[in-house]
Each structure stands twice: as structure tokens, then as C-alpha cells.
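Enquirer: Here it is: the structure, laid out below.
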Amino acid sequence: MRRRFEGRRLVIASHNEGKVREIGELLAPFGVETVSAGELGLPEPEETGSTFEANAELKALAAATGSGLPALADDSGLEVDALGGAPGIHTARWAGPERDFAMAMRNVEEKLQAKGATSPDGRTGRFVAALALAWPDGHVETVRGEVEGTLVWPPRGERGFGYDPVFLPEGMERTFGEMPSEEKHGWTPDKPKSQALSHRARAFAELVEGCFVR
Ligand SMILES: O=c1nc[nH]c2c1ncn2[C@H]1C[C@H](O)[C@@H](COP(=O)(O)OP(=O)(O)OP(=O)(O)O)O1
Ligand SMILES: [Mg+2]
């Protein structure tokens with residue numbers, strides 16, 4: 001049994017604008033009032049975990065104990081098969097302190113070129129997201145979502161954030177960078193969770209099942 005979120009205010013424990021926006025969109029139908037960790041002046045904890053789940057949990061717990069409110073964190077990244085799963089939990093770090101995603105996408109592409117990965121089946125990977133919902137008493141609920149796809153080059157589309165322009169989800173014709181966010185989510189709470197497309201929406205559909213009531 002999952003613990004249900006019964007408050008009114010929820011902290012979004014992320015300093016990434018793109019994520020805060022997407023989580024806000026996914027939460028909108030639940031009438032939850034959200035405030036971001038940045039708005040509360042909460043520090044950005046060091047991500048010392050060795051899994052997406054561990055990092056999501058430490059970010060959610062830091063925000064919940066720091067604010068006295070329940071907090072939702074997202075730890076996510078891109079796993080590229082030909083690169084042994086890299087950048088994985090270090091996906092944000094590959095963009096450097098300036099968060100330069102054009103450079104990060106080029107870096108992934110150079111490594112794929114070096115492996116001779118030219119055909120789509122040599123360029124497979126997935127986006128992974130762990131979501132952790134923590135309470136100030138230390139209770140945490142954690143879920144994971146994944147979406148398989150291939151890495152394209154050159155980048156396509158100006159939408160989304162991060163590595164979206166190089167990620168073509170399986171079975172689709174447009175990259176995440178070319179999709180409006182409703183299409184990237186693929187899911188709203190009135191739909192079955194099998195409709196969810198992005199890693200974040202898949203994790204979210206899983207989490208709301210037990211933790212949120214409309
Ligand atoms: O849907 C996505 N579309 C494109 N790129 C994405 C996505 N989801 C994660 N990503 C990339 C961006 C970031 O470089 C890394 C997550 O790193 P991660 O540490 O979880 O987030 P972050 O440091 O940007 O913000 P924060 O930790 O404050 O939530 O994966
Ligand atoms: Mg981070």
C-alpha cells in the first residue's frame with residue numbers, strides 16, 4: 001500500500017526548469033498547489049547515489065525535511081546501449097556546469113561515431129526517470145519509468161529540454177524535441193497508464209495510482 005498525498009502544497013524538489021514545468025503539467029489535474037525547491041531557496045543536494053532511485057530519494061528527503069512539506073523529486077537520464085549505459089546517472093554532468101546540452105548531445109554523438117554506430121539498431125537507448133515522493137517524517141514512495149528509443153543526428157526540434165532533440169522514442173516519427181508536451185507525456189489521469197509515453201509520464205502514472213486521488 002502506498003501512502004497517499006493528502007496535503008495541499010507539494011514541493012517540486014528540482015532545480016531544472018524543464019522538469020519543474022513537466023511535473024507541473026502532469027500534476028495539474030489533481031489541484032495540488034506546487035512550489036519549487038528554487039522558489040523556497042532550498043539548496044541543491046549533492047547527488048551521491050549510485051542509482052536513479054537513490055538520487056531521487058535523497059533529493060526528495062532533503063526538500064521534505066528542509067521545508068516541512070511533502071516533496072517530489074525526479075532523477076533521470078539517458079542510457080545509450082553502445083556506450084555501456086552512459087551517460088546514465090551522470091547525464092546532467094555531461095552538460096557541464098553551464099548546462100550546455102548542445103555540447104552534451106555532440107559529445108554523445110562523437111562517442112557513438114567513434115564506436116562506428118551509424119545504423120539505428122546500433123544507436124538504441126532509453127530515458128529513465130525515478131520519482132520519489134517524500135514526507136518530512138522520512139517516509140518515501142519511489143517509482144521508475146523508462147522509454148526505449150534511438151539516438152538521431154542531427155538534433156531535431158526546439159521543444160522540450162535537455163537531450164529531447166536527439167531522442168526518437170520507439171514507434172514514433174518525431175523526436176521528443178519535435179513534440180508538444182502533451183504528446184511527449186501521452187497521458188492524462190483519465191487515461192490508462194499504458195498510454196503514457198515519456199519516462200517521466202510513465203513513472204508518474206505509476207505513482208499517482210496509489211498516492212494521488214482526484
Ligand atoms: O525528458 C527529458 N528530456 C531530455 N533530457 C532529459 C529528460 N529527462 C532527463 N533528461 C536529462 C536532462 C538532465 O541533464 C538529466 C537529468 O539529471 P538530473 O540530475 O535528474 O536533473 P537535473 O540536475 O537537471 O535537475 P535536478 O537534479 O535539480 O532535478 O537527464
Ligand atoms: Mg541533478
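Residues are named by chain letter and number: chains run A, B, ... in the order of the C-alpha cells, numbers start at 1 in each chain, and ligands are numbered from 1 in the order shown.
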Please find the residues contacting ligand 1 at a distance of at most 6 Å between atoms, with only C-alpha atoms and all ligand atoms counted, and report them as a list in words.
Expert: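 Checked against 6 Å with only C-alpha atoms and all ligand atoms; the hits are Ser14, His15, Asn16, Asp74, Asp75, Ser76, Gly77, Thr91, Ala92, Phe161, Gly162, Tyr163 and Asp164 of chain A.
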Enquirer: Report as a VMD selection string: the residues of range 49-185 of chain A with a DSSP assignment of strand (DSSP E or B), based on the backbone of this structure.
Expert: chain A and resid 71 to 80 87 124 to 134 140 to 151 167 to 169
Enquirer: May I ask for the distance between CA of Leu61 in chain A and CA of Arg99 in chain A, given in Å to one decimal place?
Expert: 24.4 Å
Enquirer: Given only C-alpha atoms and all ligand atoms as the basis, pick out the residue of A:Leu42, A:Ala73, A:Leu133, A:Leu10 nearest to ligand 2.
Expert: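 For ligand 2, the nearest of the candidates is A:Ala73.
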Enquirer: Taking the DSSP assignment computed from this structure's backbone, write out as a ChimeraX atom specification all residues of range 19-131 of chain A that belong to helix (DSSP H, G or I).
Expert: /A:19-30,52-67,81-83,88-90,93-95,101-114,120-122
Enquirer: What would the file look like if the residues just selected were written as a compact mmCIF listing (two decimals), in the first residue's frame with N, CA and C atoms?
Expert:
# COMPACT_ATOMS: atom_id res chain seq x y z
N LYS A 19 12.01 20.16 -16.16
CA LYS A 19 11.35 19.14 -15.34
C LYS A 19 10.24 19.74 -14.49
N VAL A 20 10.51 20.89 -13.87
CA VAL A 20 9.50 21.52 -13.00
C VAL A 20 8.24 21.81 -13.82
N ARG A 21 8.44 22.26 -15.07
CA ARG A 21 7.29 22.53 -15.94
C ARG A 21 6.53 21.24 -16.23
N GLU A 22 7.24 20.19 -16.64
CA GLU A 22 6.56 18.94 -16.98
C GLU A 22 5.84 18.34 -15.77
N ILE A 23 6.46 18.37 -14.61
CA ILE A 23 5.82 17.81 -13.42
C ILE A 23 4.57 18.62 -13.07
N GLY A 24 4.66 19.94 -13.23
CA GLY A 24 3.51 20.81 -13.01
C GLY A 24 2.35 20.44 -13.94
N GLU A 25 2.68 20.16 -15.22
CA GLU A 25 1.63 19.79 -16.18
C GLU A 25 1.00 18.45 -15.79
N LEU A 26 1.83 17.50 -15.38
CA LEU A 26 1.32 16.18 -15.00
C LEU A 26 0.47 16.24 -13.74
N LEU A 27 0.81 17.18 -12.84
CA LEU A 27 0.08 17.30 -11.57
C LEU A 27 -1.17 18.17 -11.68
N ALA A 28 -1.26 18.97 -12.75
CA ALA A 28 -2.32 19.98 -12.85
C ALA A 28 -3.73 19.43 -12.57
N PRO A 29 -4.09 18.24 -13.12
CA PRO A 29 -5.46 17.77 -12.90
C PRO A 29 -5.78 17.41 -11.45
N PHE A 30 -4.77 17.36 -10.59
CA PHE A 30 -5.01 16.96 -9.20
C PHE A 30 -5.25 18.13 -8.26
N PHE A 52 19.39 5.87 -10.04
CA PHE A 52 18.40 6.94 -10.20
C PHE A 52 17.52 7.02 -8.95
N GLU A 53 17.10 5.85 -8.45
CA GLU A 53 16.20 5.81 -7.29
C GLU A 53 16.86 6.47 -6.07
N ALA A 54 18.11 6.11 -5.81
CA ALA A 54 18.80 6.65 -4.62
C ALA A 54 18.92 8.17 -4.73
N ASN A 55 19.22 8.68 -5.92
CA ASN A 55 19.34 10.13 -6.08
C ASN A 55 18.00 10.83 -5.97
N ALA A 56 16.95 10.23 -6.52
CA ALA A 56 15.61 10.82 -6.38
C ALA A 56 15.23 10.88 -4.90
N GLU A 57 15.51 9.80 -4.18
CA GLU A 57 15.15 9.75 -2.75
C GLU A 57 15.92 10.79 -1.95
N LEU A 58 17.21 10.92 -2.22
CA LEU A 58 17.96 11.89 -1.41
C LEU A 58 17.53 13.33 -1.71
N LYS A 59 17.15 13.61 -2.96
CA LYS A 59 16.68 14.97 -3.29
C LYS A 59 15.32 15.22 -2.65
N ALA A 60 14.42 14.22 -2.70
CA ALA A 60 13.07 14.40 -2.13
C ALA A 60 13.15 14.55 -0.61
N LEU A 61 13.97 13.73 0.03
CA LEU A 61 14.09 13.80 1.50
C LEU A 61 14.71 15.12 1.95
N ALA A 62 15.72 15.58 1.23
CA ALA A 62 16.35 16.86 1.60
C ALA A 62 15.32 17.98 1.53
N ALA A 63 14.49 17.98 0.48
CA ALA A 63 13.50 19.06 0.32
C ALA A 63 12.37 18.93 1.35
N ALA A 64 11.95 17.69 1.65
CA ALA A 64 10.85 17.50 2.61
C ALA A 64 11.30 17.90 4.02
N THR A 65 12.48 17.48 4.40
CA THR A 65 12.94 17.82 5.75
C THR A 65 13.31 19.30 5.81
N GLY A 66 13.82 19.86 4.71
CA GLY A 66 14.20 21.28 4.70
C GLY A 66 13.01 22.23 4.68
N SER A 67 11.85 21.75 4.22
CA SER A 67 10.69 22.64 4.08
C SER A 67 9.54 22.30 5.03
N ASP A 81 23.00 2.27 -25.20
CA ASP A 81 23.50 0.89 -25.12
C ASP A 81 24.94 0.75 -25.62
N ALA A 82 25.23 1.40 -26.77
CA ALA A 82 26.58 1.26 -27.34
C ALA A 82 27.65 1.90 -26.45
N LEU A 83 27.23 2.73 -25.51
CA LEU A 83 28.17 3.37 -24.59
C LEU A 83 28.12 2.71 -23.21
N GLY A 88 23.86 7.77 -18.36
CA GLY A 88 23.18 7.21 -17.19
C GLY A 88 22.95 8.22 -16.08
N ILE A 89 23.34 7.87 -14.86
CA ILE A 89 23.08 8.79 -13.73
C ILE A 89 23.93 10.07 -13.84
N HIS A 90 24.87 10.10 -14.78
CA HIS A 90 25.71 11.30 -14.95
C HIS A 90 25.26 12.17 -16.11
N ARG A 93 25.62 15.87 -15.64
CA ARG A 93 27.04 16.28 -15.58
C ARG A 93 27.67 16.40 -16.95
N TRP A 94 27.21 15.59 -17.92
CA TRP A 94 27.80 15.66 -19.26
C TRP A 94 27.52 17.01 -19.91
N ALA A 95 26.55 17.74 -19.38
CA ALA A 95 26.25 19.07 -19.93
C ALA A 95 27.09 20.16 -19.25
N PHE A 101 23.54 21.76 -23.35
CA PHE A 101 23.03 20.50 -23.91
C PHE A 101 23.39 20.32 -25.37
N ALA A 102 23.67 21.42 -26.08
CA ALA A 102 24.15 21.27 -27.46
C ALA A 102 25.49 20.54 -27.41
N MET A 103 26.34 20.95 -26.49
CA MET A 103 27.64 20.29 -26.32
C MET A 103 27.46 18.84 -25.85
N ALA A 104 26.55 18.63 -24.91
CA ALA A 104 26.35 17.27 -24.37
C ALA A 104 25.86 16.33 -25.47
N MET A 105 24.93 16.80 -26.31
CA MET A 105 24.42 15.95 -27.40
C MET A 105 25.53 15.65 -28.40
N ARG A 106 26.38 16.65 -28.68
CA ARG A 106 27.52 16.46 -29.60
C ARG A 106 28.49 15.44 -29.04
N ASN A 107 28.70 15.51 -27.75
CA ASN A 107 29.61 14.60 -27.06
C ASN A 107 29.12 13.15 -27.17
N VAL A 108 27.81 12.93 -26.95
CA VAL A 108 27.23 11.59 -27.11
C VAL A 108 27.42 11.13 -28.55
N GLU A 109 27.17 12.05 -29.52
CA GLU A 109 27.28 11.70 -30.93
C GLU A 109 28.72 11.33 -31.30
N GLU A 110 29.68 12.08 -30.79
CA GLU A 110 31.08 11.77 -31.10
C GLU A 110 31.47 10.40 -30.58
N LYS A 111 30.97 10.05 -29.40
CA LYS A 111 31.28 8.73 -28.84
C LYS A 111 30.61 7.62 -29.65
N LEU A 112 29.38 7.89 -30.14
CA LEU A 112 28.71 6.90 -30.99
C LEU A 112 29.46 6.74 -32.32
N GLN A 113 29.90 7.85 -32.91
CA GLN A 113 30.68 7.81 -34.16
C GLN A 113 31.96 7.00 -33.95
N ALA A 114 32.60 7.21 -32.81
CA ALA A 114 33.85 6.50 -32.50
C ALA A 114 33.63 4.99 -32.41
N PRO A 120 20.42 2.65 -37.10
CA PRO A 120 19.56 2.84 -35.92
C PRO A 120 19.70 1.71 -34.88
N ASP A 121 19.89 0.46 -35.34
CA ASP A 121 19.95 -0.60 -34.32
C ASP A 121 21.26 -0.60 -33.53
N GLY A 122 22.23 0.18 -33.97
CA GLY A 122 23.43 0.36 -33.15
C GLY A 122 23.35 1.59 -32.27
Enquirer: Find, counting only C-alpha atoms and all ligand atoms, the residue in A:Leu168, A:Val11, A:Ala129, A:Leu69 that gets nearest to ligand 2.
Expert: A:Ala129
Enquirer: Env of Glu183 in chain A: 10 Å cut, atoms = only C-alpha atoms, seq-sep filter 5 positions within chain, self excluded. Answer as a short mmCIF file (atom, residue, chain, number, x, y, z; two decimals) with C-alpha atoms, in the first residue's frame.
Expert:
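Contents of the output file selection_12.cif:
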data_model
loop_
_atom_site.label_atom_id
_atom_site.label_comp_id
_atom_site.auth_asym_id
_atom_site.auth_seq_id
_atom_site.Cartn_x
_atom_site.Cartn_y
_atom_site.Cartn_z
CA PHE A 176 10.78 14.47 -28.14
CA GLU A 178 9.56 17.95 -32.08
CA ALA A 196 1.98 7.20 -21.11
CA LEU A 197 4.95 7.78 -23.43
CA SER A 198 7.81 9.60 -21.72
#
Enquirer: Could you list, as a PyMOL selection string, every residue within 10 Å of Arg3 in chain A, counting only C-alpha atoms and ignoring same-chain residues fewer than 3 positions away?
Expert: chain A and resi 6+133-135+139-141+210-212
Enquirer: Rank nothing, just name the residue among A:Glu146, A:Glu173, A:Glu39, A:Glu158 nearest to Arg202 in chain A, using only C-alpha atoms.
Expert: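 With only C-alpha atoms as the atom set, the closest residue is A:Glu146.
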Enquirer: Rounded to one decimal place, report the CA of Gly171 in chain A-CA of Val208 in chain A distance in Å.
Expert: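 Atom-to-atom, CA of Gly171 in chain A to CA of Val208 in chain A, that is 25.7 Å.
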